[in-house]
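Trainee: Compact mmCIF, C-alpha atoms, saved as work39.txt, coming up:
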```
# COMPACT_ATOMS: atom_id res chain seq x y z
CA MET A 28 49.11 -49.44 0.21
CA THR A 29 47.37 -50.18 3.47
CA VAL A 30 46.00 -47.11 5.19
CA ILE A 31 46.38 -47.35 8.95
CA ALA A 32 44.44 -45.78 11.77
CA GLU A 33 46.72 -42.99 12.94
CA THR A 34 46.88 -43.42 16.70
CA THR A 35 50.14 -43.39 18.64
CA GLN A 36 49.88 -47.11 19.46
CA ASN A 37 49.02 -48.07 15.91
CA ILE A 38 51.83 -45.92 14.48
CA ARG A 39 54.34 -47.61 16.81
CA GLU A 40 53.11 -51.08 15.85
CA TYR A 41 53.09 -50.16 12.17
CA MET A 42 56.66 -48.84 12.19
CA THR A 43 57.89 -51.81 14.23
CA THR A 44 56.38 -54.14 11.65
CA LEU A 45 58.03 -52.22 8.81
CA GLY A 46 61.36 -52.47 10.60
CA ARG A 47 61.12 -56.22 11.14
CA LYS A 48 60.14 -56.79 7.53
CA ALA A 49 63.01 -54.59 6.37
CA ARG A 50 65.52 -56.46 8.52
CA SER A 51 64.40 -59.77 7.07
CA ALA A 52 64.45 -58.42 3.52
CA GLY A 53 67.86 -56.86 4.13
CA ARG A 54 69.37 -60.27 4.81
CA ALA A 55 67.99 -61.53 1.52
CA MET A 56 69.22 -58.44 -0.34
CA ALA A 57 72.73 -58.86 1.05
CA ARG A 58 73.01 -62.20 -0.75
CA ALA A 59 71.06 -61.22 -3.90
CA GLU A 60 72.85 -61.75 -7.19
CA THR A 61 73.85 -58.71 -9.22
CA ALA A 62 71.78 -59.93 -12.19
CA ALA A 63 68.61 -60.05 -10.08
CA LYS A 64 69.20 -56.55 -8.72
CA ASP A 65 69.80 -55.21 -12.21
CA ARG A 66 66.64 -56.90 -13.52
CA ALA A 67 64.66 -55.21 -10.75
CA LEU A 68 66.15 -51.80 -11.56
CA ALA A 69 65.42 -52.18 -15.27
CA ALA A 70 61.86 -53.25 -14.52
CA MET A 71 61.40 -50.27 -12.18
CA ALA A 72 62.61 -47.93 -14.91
CA ASP A 73 60.25 -49.50 -17.43
CA ALA A 74 57.36 -49.13 -14.98
CA VAL A 75 58.19 -45.44 -14.44
CA ASP A 76 58.15 -44.88 -18.20
CA ALA A 77 54.93 -46.82 -18.65
CA GLN A 78 53.24 -44.99 -15.78
CA ALA A 79 54.47 -41.51 -16.70
CA ALA A 80 50.96 -40.19 -17.33
CA ARG A 81 49.69 -41.52 -14.00
CA LEU A 82 52.72 -40.18 -12.16
CA ALA A 83 52.04 -36.75 -13.66
CA GLU A 84 48.38 -36.97 -12.63
CA GLU A 85 49.16 -37.92 -9.03
CA ASN A 86 51.89 -35.28 -8.85
CA ALA A 87 49.48 -32.64 -10.12
CA ARG A 88 47.22 -33.45 -7.14
CA ASP A 89 50.13 -32.87 -4.78
CA VAL A 90 51.22 -29.63 -6.47
CA ALA A 91 47.65 -28.26 -6.44
CA ALA A 92 47.30 -29.11 -2.75
CA GLY A 93 50.67 -27.52 -2.06
CA ARG A 94 49.61 -24.26 -3.69
CA GLU A 95 46.44 -24.25 -1.60
CA ARG A 96 48.54 -24.77 1.53
CA GLY A 97 50.73 -21.83 0.58
CA LEU A 98 53.99 -23.71 -0.05
CA ASP A 99 56.69 -21.32 -1.25
CA ALA A 100 58.09 -21.34 -4.78
CA ALA A 101 61.21 -23.31 -3.84
CA LEU A 102 59.19 -26.13 -2.27
CA LEU A 103 56.77 -26.23 -5.18
CA ASP A 104 59.69 -26.45 -7.58
CA ARG A 105 61.10 -29.41 -5.65
CA LEU A 106 57.68 -31.06 -5.54
CA GLU A 107 56.90 -30.85 -9.25
CA LEU A 108 57.51 -33.87 -11.46
CA THR A 109 57.97 -32.45 -14.95
CA PRO A 110 58.17 -34.88 -17.89
CA GLU A 111 61.92 -34.32 -17.88
CA ARG A 112 62.18 -35.24 -14.19
CA VAL A 113 60.08 -38.37 -14.67
CA SER A 114 62.33 -39.38 -17.56
CA ALA A 115 65.38 -38.61 -15.41
CA MET A 116 64.04 -40.95 -12.69
CA ALA A 117 63.91 -43.81 -15.18
CA ASP A 118 67.32 -42.91 -16.61
CA GLY A 119 68.80 -42.80 -13.11
CA LEU A 120 67.53 -46.31 -12.33
CA ARG A 121 69.03 -47.63 -15.57
CA GLU A 122 72.32 -45.91 -14.86
CA ILE A 123 72.43 -47.48 -11.40
CA ALA A 124 71.85 -50.87 -13.02
CA ALA A 125 74.81 -50.23 -15.35
CA LEU A 126 77.17 -49.42 -12.48
CA PRO A 127 79.48 -52.05 -11.00
CA ASP A 128 78.01 -53.84 -8.00
CA PRO A 129 80.13 -52.86 -4.98
CA VAL A 130 78.92 -55.73 -2.79
CA GLY A 131 81.51 -58.44 -2.32
CA ALA A 132 84.38 -56.49 -3.86
CA ILE A 133 87.67 -57.21 -2.09
CA ASP A 134 90.27 -54.46 -1.78
CA ASP A 135 93.92 -54.50 -0.76
CA LEU A 136 94.24 -58.28 -0.50
CA ARG A 137 97.83 -58.88 0.50
CA SER A 138 100.01 -61.58 1.95
CA ARG A 139 101.35 -61.32 5.49
CA PRO A 140 104.59 -62.87 6.81
CA SER A 141 102.50 -65.50 8.59
CA GLY A 142 101.21 -66.73 5.23
CA ILE A 143 97.63 -65.53 5.64
CA HIS A 144 96.07 -63.15 3.12
CA VAL A 145 94.30 -60.10 4.54
CA GLY A 146 91.89 -57.79 2.72
CA ARG A 147 88.67 -55.84 3.04
CA MET A 148 85.33 -56.84 1.57
CA ARG A 149 82.61 -54.33 0.77
CA VAL A 150 79.27 -55.19 2.40
CA PRO A 151 75.81 -53.55 2.68
CA LEU A 152 74.98 -51.36 5.65
CA GLY A 153 71.74 -53.30 6.21
CA VAL A 154 68.52 -51.29 6.61
CA ILE A 155 68.53 -47.63 5.62
CA GLY A 156 65.80 -45.19 6.63
CA ILE A 157 65.42 -42.21 4.32
CA ILE A 158 63.36 -39.23 5.49
CA TYR A 159 62.79 -36.54 2.89
CA GLU A 160 60.60 -33.60 1.95
CA SER A 161 59.05 -32.40 -1.28
CA ARG A 162 61.09 -34.16 -3.97
CA PRO A 163 59.22 -37.31 -4.97
CA ASN A 164 62.03 -38.33 -7.34
CA VAL A 165 64.00 -39.18 -4.18
CA THR A 166 61.71 -42.20 -3.80
CA ALA A 167 63.04 -43.75 -7.01
CA ASP A 168 66.64 -42.62 -6.51
CA ALA A 169 66.83 -43.91 -2.95
CA ALA A 170 65.13 -47.20 -3.79
CA GLY A 171 67.49 -47.83 -6.69
CA LEU A 172 70.66 -47.04 -4.77
CA CYS A 173 69.65 -49.07 -1.72
CA LEU A 174 68.67 -52.03 -3.88
CA LYS A 175 71.88 -52.10 -5.94
CA SER A 176 74.05 -51.77 -2.81
CA GLY A 177 72.29 -54.76 -1.23
CA ASN A 178 70.36 -52.86 1.42
CA ALA A 179 66.72 -52.73 2.42
CA ALA A 180 65.09 -49.30 2.62
CA ILE A 181 62.30 -47.67 4.57
CA LEU A 182 61.30 -44.46 2.79
CA ARG A 183 59.35 -41.73 4.53
CA GLY A 184 58.44 -38.89 2.16
CA GLY A 185 56.75 -35.63 3.05
CA SER A 186 52.99 -35.30 3.33
CA GLU A 187 53.05 -32.79 0.46
CA ALA A 188 54.18 -35.57 -1.95
CA LEU A 189 52.03 -38.42 -0.64
CA HIS A 190 50.17 -39.18 -3.89
CA SER A 191 53.34 -38.96 -5.99
CA ASN A 192 55.26 -41.22 -3.65
CA ARG A 193 52.51 -43.83 -3.58
CA ALA A 194 52.49 -43.96 -7.38
CA ILE A 195 56.28 -44.26 -7.58
CA ALA A 196 56.21 -46.96 -4.88
CA GLU A 197 53.97 -49.06 -7.11
CA CYS A 198 56.61 -48.90 -9.85
CA ILE A 199 59.26 -49.99 -7.36
CA ARG A 200 57.22 -52.92 -6.13
CA ALA A 201 56.56 -53.98 -9.72
CA GLY A 202 60.29 -54.08 -10.37
CA LEU A 203 61.03 -56.13 -7.25
CA ASP A 204 58.27 -58.58 -8.14
CA THR A 205 59.57 -58.97 -11.70
CA ALA A 206 63.04 -59.89 -10.43
CA GLY A 207 61.79 -62.19 -7.67
CA LEU A 208 63.30 -60.05 -4.91
CA PRO A 209 61.62 -59.48 -1.52
CA MET A 210 58.76 -57.02 -1.82
CA ASP A 211 59.72 -55.65 1.60
CA ALA A 212 63.19 -54.65 0.37
CA VAL A 213 61.77 -51.16 -0.30
CA GLN A 214 58.88 -49.98 1.87
CA VAL A 215 57.29 -46.55 1.63
CA VAL A 216 55.78 -45.34 4.91
CA ASP A 217 52.11 -44.84 4.18
CA THR A 218 51.25 -42.36 6.89
CA THR A 219 51.83 -38.62 7.19
CA ASP A 220 51.82 -38.74 10.99
CA ARG A 221 55.04 -37.21 12.38
CA GLU A 222 55.10 -39.92 15.05
CA ALA A 223 56.30 -42.30 12.33
CA VAL A 224 59.53 -40.31 11.97
CA GLY A 225 60.11 -40.35 15.72
CA HIS A 226 59.87 -44.13 15.76
CA LEU A 227 61.97 -44.66 12.63
CA ILE A 228 64.97 -42.69 13.92
CA THR A 229 65.08 -44.65 17.21
CA MET A 230 64.57 -48.19 15.85
CA THR A 231 68.16 -49.25 16.49
CA GLU A 232 67.30 -52.95 16.45
CA ASN A 233 66.00 -52.82 12.87
CA VAL A 234 67.51 -49.71 11.24
CA ASP A 235 71.25 -49.21 10.67
CA VAL A 236 71.46 -45.65 9.34
CA ILE A 237 69.17 -42.68 8.72
CA VAL A 238 69.52 -40.31 5.76
CA PRO A 239 67.46 -37.10 6.11
CA ARG A 240 66.86 -34.96 3.03
CA GLY A 241 64.96 -31.73 3.44
CA GLY A 242 64.97 -28.39 5.16
CA LYS A 243 67.26 -27.36 7.98
CA GLY A 244 64.52 -27.79 10.57
CA LEU A 245 63.95 -31.42 9.61
CA ILE A 246 67.64 -32.29 9.60
CA GLU A 247 68.28 -30.53 12.92
CA ARG A 248 65.43 -32.49 14.48
CA ILE A 249 66.70 -35.81 13.11
CA SER A 250 70.27 -35.07 14.21
CA ARG A 251 69.10 -34.11 17.70
CA ASP A 252 66.63 -36.93 18.34
CA ALA A 253 68.00 -39.91 16.42
CA SER A 254 69.63 -42.82 18.21
CA VAL A 255 70.32 -44.44 14.82
CA PRO A 256 73.48 -43.07 13.08
CA VAL A 257 72.73 -40.21 10.63
CA ILE A 258 74.31 -39.24 7.28
CA LYS A 259 73.42 -35.60 6.67
CA HIS A 260 74.10 -32.02 5.70
CA LEU A 261 72.34 -29.00 7.18
CA ASP A 262 72.78 -26.12 4.74
CA GLY A 263 73.97 -25.52 1.20
CA VAL A 264 75.76 -22.18 1.54
CA CYS A 265 77.83 -22.60 -1.62
CA HIS A 266 80.39 -20.14 -3.02
CA VAL A 267 81.91 -19.25 -6.37
CA TYR A 268 85.15 -17.25 -6.25
CA ILE A 269 86.16 -15.38 -9.42
CA ASP A 270 89.92 -14.97 -9.30
CA ASP A 271 91.77 -12.09 -10.95
CA ALA A 272 93.33 -14.72 -13.25
CA ALA A 273 89.89 -15.87 -14.45
CA ASP A 274 88.72 -15.83 -18.03
CA PRO A 275 85.89 -13.22 -17.83
CA GLU A 276 83.61 -15.08 -20.23
CA LYS A 277 83.98 -18.34 -18.34
CA ALA A 278 83.60 -16.58 -15.00
CA ILE A 279 80.31 -14.95 -15.95
CA ALA A 280 78.94 -18.18 -17.42
CA VAL A 281 79.87 -20.28 -14.37
CA ALA A 282 78.55 -17.79 -11.82
CA PHE A 283 75.30 -17.20 -13.68
CA ASN A 284 74.62 -20.92 -14.06
CA ALA A 285 75.56 -21.67 -10.45
CA LYS A 286 72.83 -19.30 -9.27
CA THR A 287 70.06 -19.43 -11.86
CA HIS A 288 70.05 -23.02 -13.17
CA ARG A 289 67.75 -23.92 -10.25
CA TYR A 290 67.14 -21.81 -7.18
CA GLY A 291 65.77 -24.37 -4.74
CA THR A 292 68.66 -26.85 -4.60
CA CYS A 293 71.39 -27.30 -2.00
CA ASN A 294 74.18 -26.97 -4.60
CA THR A 295 73.05 -23.55 -5.85
CA MET A 296 75.52 -20.70 -5.31
CA GLU A 297 74.42 -18.41 -2.49
CA THR A 298 77.50 -16.14 -2.25
CA LEU A 299 79.64 -14.77 -5.08
CA LEU A 300 83.18 -13.67 -4.27
CA VAL A 301 85.17 -11.58 -6.78
CA ALA A 302 88.84 -10.59 -6.62
CA ASP A 303 89.19 -6.82 -6.27
CA SER A 304 91.33 -6.31 -9.36
CA ALA A 305 88.84 -8.26 -11.51
CA ALA A 306 85.64 -6.80 -10.03
CA GLU A 307 85.32 -3.74 -12.28
CA GLY A 308 85.35 -5.85 -15.43
CA ILE A 309 83.25 -8.73 -14.08
CA LEU A 310 80.60 -7.40 -11.72
CA PRO A 311 78.71 -4.82 -13.85
CA PRO A 312 78.00 -7.15 -16.83
CA LEU A 313 77.27 -10.09 -14.52
CA ALA A 314 74.96 -7.97 -12.39
CA GLU A 315 73.05 -6.97 -15.51
CA ARG A 316 72.50 -10.63 -16.40
CA PHE A 317 71.27 -11.31 -12.89
CA ARG A 318 68.96 -8.26 -13.08
CA LEU A 319 67.37 -9.56 -16.27
CA ALA A 320 66.89 -12.93 -14.58
CA GLY A 321 65.16 -11.31 -11.60
CA VAL A 322 67.90 -12.04 -9.04
CA GLU A 323 68.24 -9.62 -6.12
CA LEU A 324 71.87 -8.83 -5.34
CA ARG A 325 73.01 -7.92 -1.82
CA GLY A 326 76.53 -6.56 -1.81
CA CYS A 327 79.41 -5.28 0.28
CA PRO A 328 80.38 -1.57 0.02
CA ARG A 329 82.91 -2.18 -2.77
CA SER A 330 80.36 -4.22 -4.76
CA ARG A 331 77.76 -1.50 -4.37
CA ARG A 332 80.12 1.17 -5.65
CA LEU A 333 80.50 -0.84 -8.85
CA VAL A 334 76.79 -1.78 -9.03
CA PRO A 335 74.80 0.90 -7.16
CA THR A 336 71.49 -0.95 -7.59
CA MET A 337 72.60 -3.67 -5.18
CA SER A 338 70.98 -3.90 -1.78
CA VAL A 339 73.15 -3.73 1.33
CA ALA A 340 74.53 -7.08 2.50
CA THR A 341 74.72 -7.76 6.24
CA ASP A 342 76.63 -10.46 8.10
CA ASP A 343 73.46 -12.55 8.09
CA ASP A 344 73.59 -12.71 4.30
CA TRP A 345 77.00 -14.41 4.26
CA GLY A 346 75.62 -17.43 6.11
CA THR A 347 72.18 -17.64 4.47
CA GLU A 348 70.92 -20.39 2.17
CA TYR A 349 68.33 -18.41 0.21
CA LEU A 350 66.91 -21.21 -1.98
CA GLY A 351 65.54 -18.41 -4.14
CA PRO A 352 66.54 -15.55 -6.49
CA VAL A 353 68.74 -13.73 -3.96
CA LEU A 354 72.55 -13.62 -4.08
CA ALA A 355 75.13 -12.21 -1.67
CA VAL A 356 78.13 -10.56 -3.39
CA ARG A 357 81.47 -9.65 -1.88
CA VAL A 358 84.64 -8.21 -3.37
CA VAL A 359 87.73 -9.69 -1.69
CA GLN A 360 91.37 -8.74 -1.92
CA ASP A 361 92.73 -12.02 -3.25
CA LEU A 362 92.62 -15.81 -3.07
CA ASP A 363 93.62 -15.89 0.60
CA ALA A 364 90.80 -13.51 1.52
CA ALA A 365 88.35 -15.58 -0.53
CA MET A 366 89.34 -18.81 1.25
CA GLU A 367 89.16 -17.07 4.62
CA HIS A 368 85.59 -15.97 3.84
CA ILE A 369 84.62 -19.45 2.63
CA ASN A 370 86.11 -21.28 5.59
CA THR A 371 84.32 -18.82 7.91
CA TRP A 372 80.86 -18.84 6.34
CA SER A 373 80.57 -22.00 4.26
CA SER A 374 78.36 -24.92 5.29
CA GLY A 375 80.96 -27.30 3.88
CA HIS A 376 78.86 -28.31 0.88
CA THR A 377 80.36 -27.06 -2.43
CA GLU A 378 82.75 -24.29 -3.48
CA SER A 379 84.20 -23.36 -6.86
CA ILE A 380 87.06 -21.19 -8.10
CA VAL A 381 87.21 -19.70 -11.59
CA THR A 382 90.83 -19.12 -12.58
CA GLN A 383 93.36 -19.82 -15.32
CA ASP A 384 96.17 -20.02 -12.75
CA TRP A 385 96.65 -23.72 -11.97
CA SER A 386 98.78 -23.14 -8.88
CA ARG A 387 95.97 -21.07 -7.35
CA ALA A 388 93.46 -23.73 -8.36
CA GLN A 389 95.58 -26.35 -6.60
CA ARG A 390 95.69 -24.24 -3.44
CA PHE A 391 91.93 -23.83 -3.53
CA LEU A 392 91.43 -27.59 -3.91
CA ARG A 393 93.77 -28.36 -1.00
CA GLU A 394 92.83 -25.62 1.44
CA VAL A 395 89.05 -25.24 1.09
CA ASP A 396 87.46 -27.73 3.50
CA SER A 397 84.17 -28.66 1.83
CA SER A 398 82.71 -31.94 0.59
CA SER A 399 83.00 -30.85 -3.07
CA VAL A 400 85.59 -28.37 -4.34
CA MET A 401 85.66 -27.37 -8.01
CA VAL A 402 87.76 -25.52 -10.55
CA ASN A 403 86.13 -23.63 -13.45
CA ALA A 404 82.79 -25.40 -13.00
CA SER A 405 79.34 -24.52 -11.70
CA THR A 406 78.45 -25.68 -8.19
CA ARG A 407 75.35 -27.24 -9.74
CA PHE A 408 77.53 -30.19 -10.75
CA ALA A 409 77.70 -31.32 -7.09
CA ASP A 410 75.23 -34.10 -7.73
CA GLY A 411 75.35 -37.87 -7.69
CA PHE A 412 74.07 -38.21 -11.24
CA GLU A 413 76.64 -35.73 -12.55
CA TYR A 414 79.41 -37.49 -10.61
CA GLY A 415 78.57 -40.79 -12.29
CA LEU A 416 76.96 -42.35 -9.22
CA GLY A 417 73.70 -42.99 -11.10
CA ALA A 418 71.87 -40.97 -8.47
CA GLU A 419 72.48 -39.94 -4.90
CA ILE A 420 70.77 -40.77 -1.67
CA GLY A 421 71.88 -37.46 -0.22
CA ILE A 422 74.80 -35.15 0.40
CA SER A 423 77.01 -35.60 3.43
CA THR A 424 79.08 -32.78 4.89
CA ASP A 425 80.24 -35.04 7.71
CA LYS A 426 83.81 -36.32 7.58
CA LEU A 427 83.24 -39.87 8.81
CA HIS A 428 82.10 -42.75 6.59
CA ALA A 429 80.74 -40.79 3.60
CA ARG A 430 81.32 -37.24 2.34
CA GLY A 431 79.74 -35.38 -0.57
CA PRO A 432 77.13 -37.06 -2.80
CA VAL A 433 76.40 -40.49 -1.32
CA GLY A 434 76.00 -43.19 -3.95
CA LEU A 435 76.48 -46.95 -3.97
CA GLU A 436 79.85 -47.05 -2.21
CA GLY A 437 78.59 -44.67 0.48
CA LEU A 438 75.79 -47.15 1.25
CA THR A 439 78.24 -49.92 1.98
CA SER A 440 80.88 -50.56 4.60
CA GLN A 441 83.96 -52.77 4.67
CA LYS A 442 84.84 -55.72 6.83
CA TRP A 443 88.22 -57.35 7.19
CA ILE A 444 88.60 -60.81 5.68
CA VAL A 445 91.38 -63.32 6.23
CA LEU A 446 92.17 -66.21 3.85
CA GLY A 447 94.25 -69.03 5.18
CA ASP A 448 94.96 -72.69 4.62
CA GLY A 449 94.95 -74.18 8.07
CA HIS A 450 97.14 -71.41 9.42
CA VAL A 451 97.51 -71.09 13.19
CA ARG A 452 99.20 -68.31 15.07
CA GLY A 453 102.50 -69.21 16.66
```
For the structure just supplied, provide its representation as structure tokens.
Mentor:
Amino acid sequence: MTVIAETTQNIREYMTTLGRKARSAGRAMARAETAAKDRALAAMADAVDAQAARLAEENARDVAAGRERGLDAALLDRLELTPERVSAMADGLREIAALPDPVGAIDDLRSRPSGIHVGRMRVPLGVIGIIYESRPNVTADAAGLCLKSGNAAILRGGSEALHSNRAIAECIRAGLDTAGLPMDAVQVVDTTDREAVGHLITMTENVDVIVPRGGKGLIERISRDASVPVIKHLDGVCHVYIDDAADPEKAIAVAFNAKTHRYGTCNTMETLLVADSAAEGILPPLAERFRLAGVELRGCPRSRRLVPTMSVATDDDWGTEYLGPVLAVRVVQDLDAAMEHINTWSSGHTESIVTQDWSRAQRFLREVDSSSVMVNASTRFADGFEYGLGAEIGISTDKLHARGPVGLEGLTSQKWIVLGDGHVRG
């Protein structure tokens, strides 16, 4: 990586150069053969495996610096590259390689009365800018997804993961080189200066879409200041509703996993809703499990009567993404009350119902307006890898273009195609 002198003029010139290189590489990637893209992904995965020790060493430098800077536990958890997470990066790249290539696929080709055939072809978006914090594994995931979907990528990770991202970028470049693809198809911004972000999100001539991944402050800033279109979500205020027709054992298992599997992720449950007639049998044993796990519970009056050790929940708690061992708990009258609460307080990310009543499950699926809606499953499954996308470039709670985990198809668009044989319009 070339280290640049961080002045405003130099940052502007540097980012402009990255954009031009990405645009040129994007044209080459749009016509790249599937076999070449898959060779690059396999070589990237092999490089990640081969460099696991070095990745761990560089990540340890970032984690140590983060502790010195006073990063909170949730950020440190996102920053850390455990051996399992390094292995998952390589597995994700291989899974992306195994997925069907969406580029060039033609849908709905049909004959018209005029004799022409009309359909839609899936095409890359072009150049994608990804701005993210903490999680260095995003570097590999984003590179792999952009590559397979025929796009070029400009990746701007957080300063707290600089050493990790540089090491991962070397693995990516090795894979591109092995497959004979443009080295500029994936570029990692090698400056921590915030001016770089400001330029990236306004480079409309060379960037087609921005995907921010990080805290609410980052995403609000990108959404406010970007002139390039943005795929985003702001919060992960996710709910689990335990219906009075739920199997108690399943309900406790799902709710406990949804909160404690990992605290610092956007698909972690932040509010638990329990039907009133089921609360007495569900809440006390579930609260005890949470107590042993060190989770603070903040409850409504009815919840606190059943579990007196709960703290008092306020209206602020219903809309809070804690990203830590804190959970809001509310007893509701029934399914309608649960959906009313969710549609009032949810961020539109992920909601789950636990019930054995399929008609209620169907209502929940239809009427809850979030990007992922689940039945009898932990919200932690709202993830590109778990959905079979290989990985995800982010989660979208918008309703246009892409919604939910954004994988290969979400990084493409469609154009109309017409096939004729000398046809002219009469």
Trainee: Have a look at A:Asp448, A:Asp384, A:Glu378, A:Asp65 and name the one nearest to Leu126 of chain A; count only C-alpha atoms.
Mentor: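 Residue with the minimum atom-to-atom distance to Leu126 of chain A: A:Asp65.
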Trainee: Excluding Asp235 of chain A and its own-chain neighbours fewer than 6 positions away, which residues fall within 12 Å of it when counting all atoms listed in the file? Please give them as an mmCIF file with C-alpha atoms, keeping the file's coordinate frame.
Mentor:
```
data_model
loop_
_atom_site.group_PDB
_atom_site.id
_atom_site.type_symbol
_atom_site.label_atom_id
_atom_site.label_comp_id
_atom_site.auth_asym_id
_atom_site.auth_seq_id
_atom_site.Cartn_x
_atom_site.Cartn_y
_atom_site.Cartn_z
ATOM 1 C CA GLY A 46 61.360 -52.470 10.600
ATOM 2 C CA ALA A 49 63.010 -54.590 6.370
ATOM 3 C CA ARG A 50 65.520 -56.460 8.520
ATOM 4 C CA GLY A 53 67.860 -56.860 4.130
ATOM 5 C CA PRO A 151 75.810 -53.550 2.680
ATOM 6 C CA LEU A 152 74.980 -51.360 5.650
ATOM 7 C CA GLY A 153 71.740 -53.300 6.210
ATOM 8 C CA VAL A 154 68.520 -51.290 6.610
ATOM 9 C CA ILE A 155 68.530 -47.630 5.620
ATOM 10 C CA GLY A 156 65.800 -45.190 6.630
ATOM 11 C CA ILE A 157 65.420 -42.210 4.320
ATOM 12 C CA ASN A 178 70.360 -52.860 1.420
ATOM 13 C CA ALA A 179 66.720 -52.730 2.420
ATOM 14 C CA ALA A 180 65.090 -49.300 2.620
ATOM 15 C CA ILE A 181 62.300 -47.670 4.570
ATOM 16 C CA LEU A 227 61.970 -44.660 12.630
ATOM 17 C CA ILE A 228 64.970 -42.690 13.920
ATOM 18 C CA THR A 229 65.080 -44.650 17.210
ATOM 19 C CA ALA A 253 68.000 -39.910 16.420
ATOM 20 C CA SER A 254 69.630 -42.820 18.210
ATOM 21 C CA VAL A 255 70.320 -44.440 14.820
ATOM 22 C CA PRO A 256 73.480 -43.070 13.080
ATOM 23 C CA VAL A 257 72.730 -40.210 10.630
ATOM 24 C CA ILE A 258 74.310 -39.240 7.280
ATOM 25 C CA LEU A 438 75.790 -47.150 1.250
ATOM 26 C CA THR A 439 78.240 -49.920 1.980
ATOM 27 C CA SER A 440 80.880 -50.560 4.600
#
```
Trainee: Using all atoms listed in the file, can you tell me which of A:Leu354, A:Met366, A:Ile422, A:Val301 comes closest to Arg393 of chain A?
Mentor: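 Going through A:Leu354, A:Met366, A:Ile422, A:Val301 one by one, the smallest distance to Arg393 of chain A is for A:Met366.
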Trainee: Using all atoms listed in the file for the distances, tell me which of A:Arg94, A:Lys64, A:His428, A:Arg221 is nearest to Leu172 of chain A.
Mentor: A:Lys64
Trainee: Please, what distance in Å, to one decimal, runs between atom CA of Leu189 of chain A and atom CA of Asp99 of chain A?
Mentor: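 We find that atom CA of Leu189 of chain A and atom CA of Asp99 of chain A lie 17.7 Å from each other.
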Trainee: Could you tell me which of A:Asp220, A:Glu394, A:Asp271, A:Glu160 comes closest to Gly244 of chain A if we count only C-alpha atoms?
Mentor: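 When distances to Gly244 of chain A are compared using only C-alpha atoms, the smallest one comes from A:Glu160.
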Trainee: Write out as a PDB file with C-alpha atoms, in the frame of the given file each polymer residue whose atoms come within 8 Å of Ala79 of chain A, counting all atoms listed in the file; drop sequence neighbours fewer than 3 positions from it.
Mentor:
```pdb
ATOM      1  CA  VAL A  75      58.190 -45.440 -14.440  1.00  0.00           C
ATOM      2  CA  ASP A  76      58.150 -44.880 -18.200  1.00  0.00           C
ATOM      3  CA  LEU A  82      52.720 -40.180 -12.160  1.00  0.00           C
ATOM      4  CA  ALA A  83      52.040 -36.750 -13.660  1.00  0.00           C
ATOM      5  CA  PRO A 110      58.170 -34.880 -17.890  1.00  0.00           C
ATOM      6  CA  VAL A 113      60.080 -38.370 -14.670  1.00  0.00           C
TER       7      VAL A 113
END
```
Trainee: May I have the residues within 10 Å of segment 306-310 of chain A as a ChimeraX atom specification, using all atoms listed in the file and disregarding those fewer than 5 positions away in the same chain?
Mentor: /A:269-271,273-276,278-279,299-301,315-316,329-334,356-359
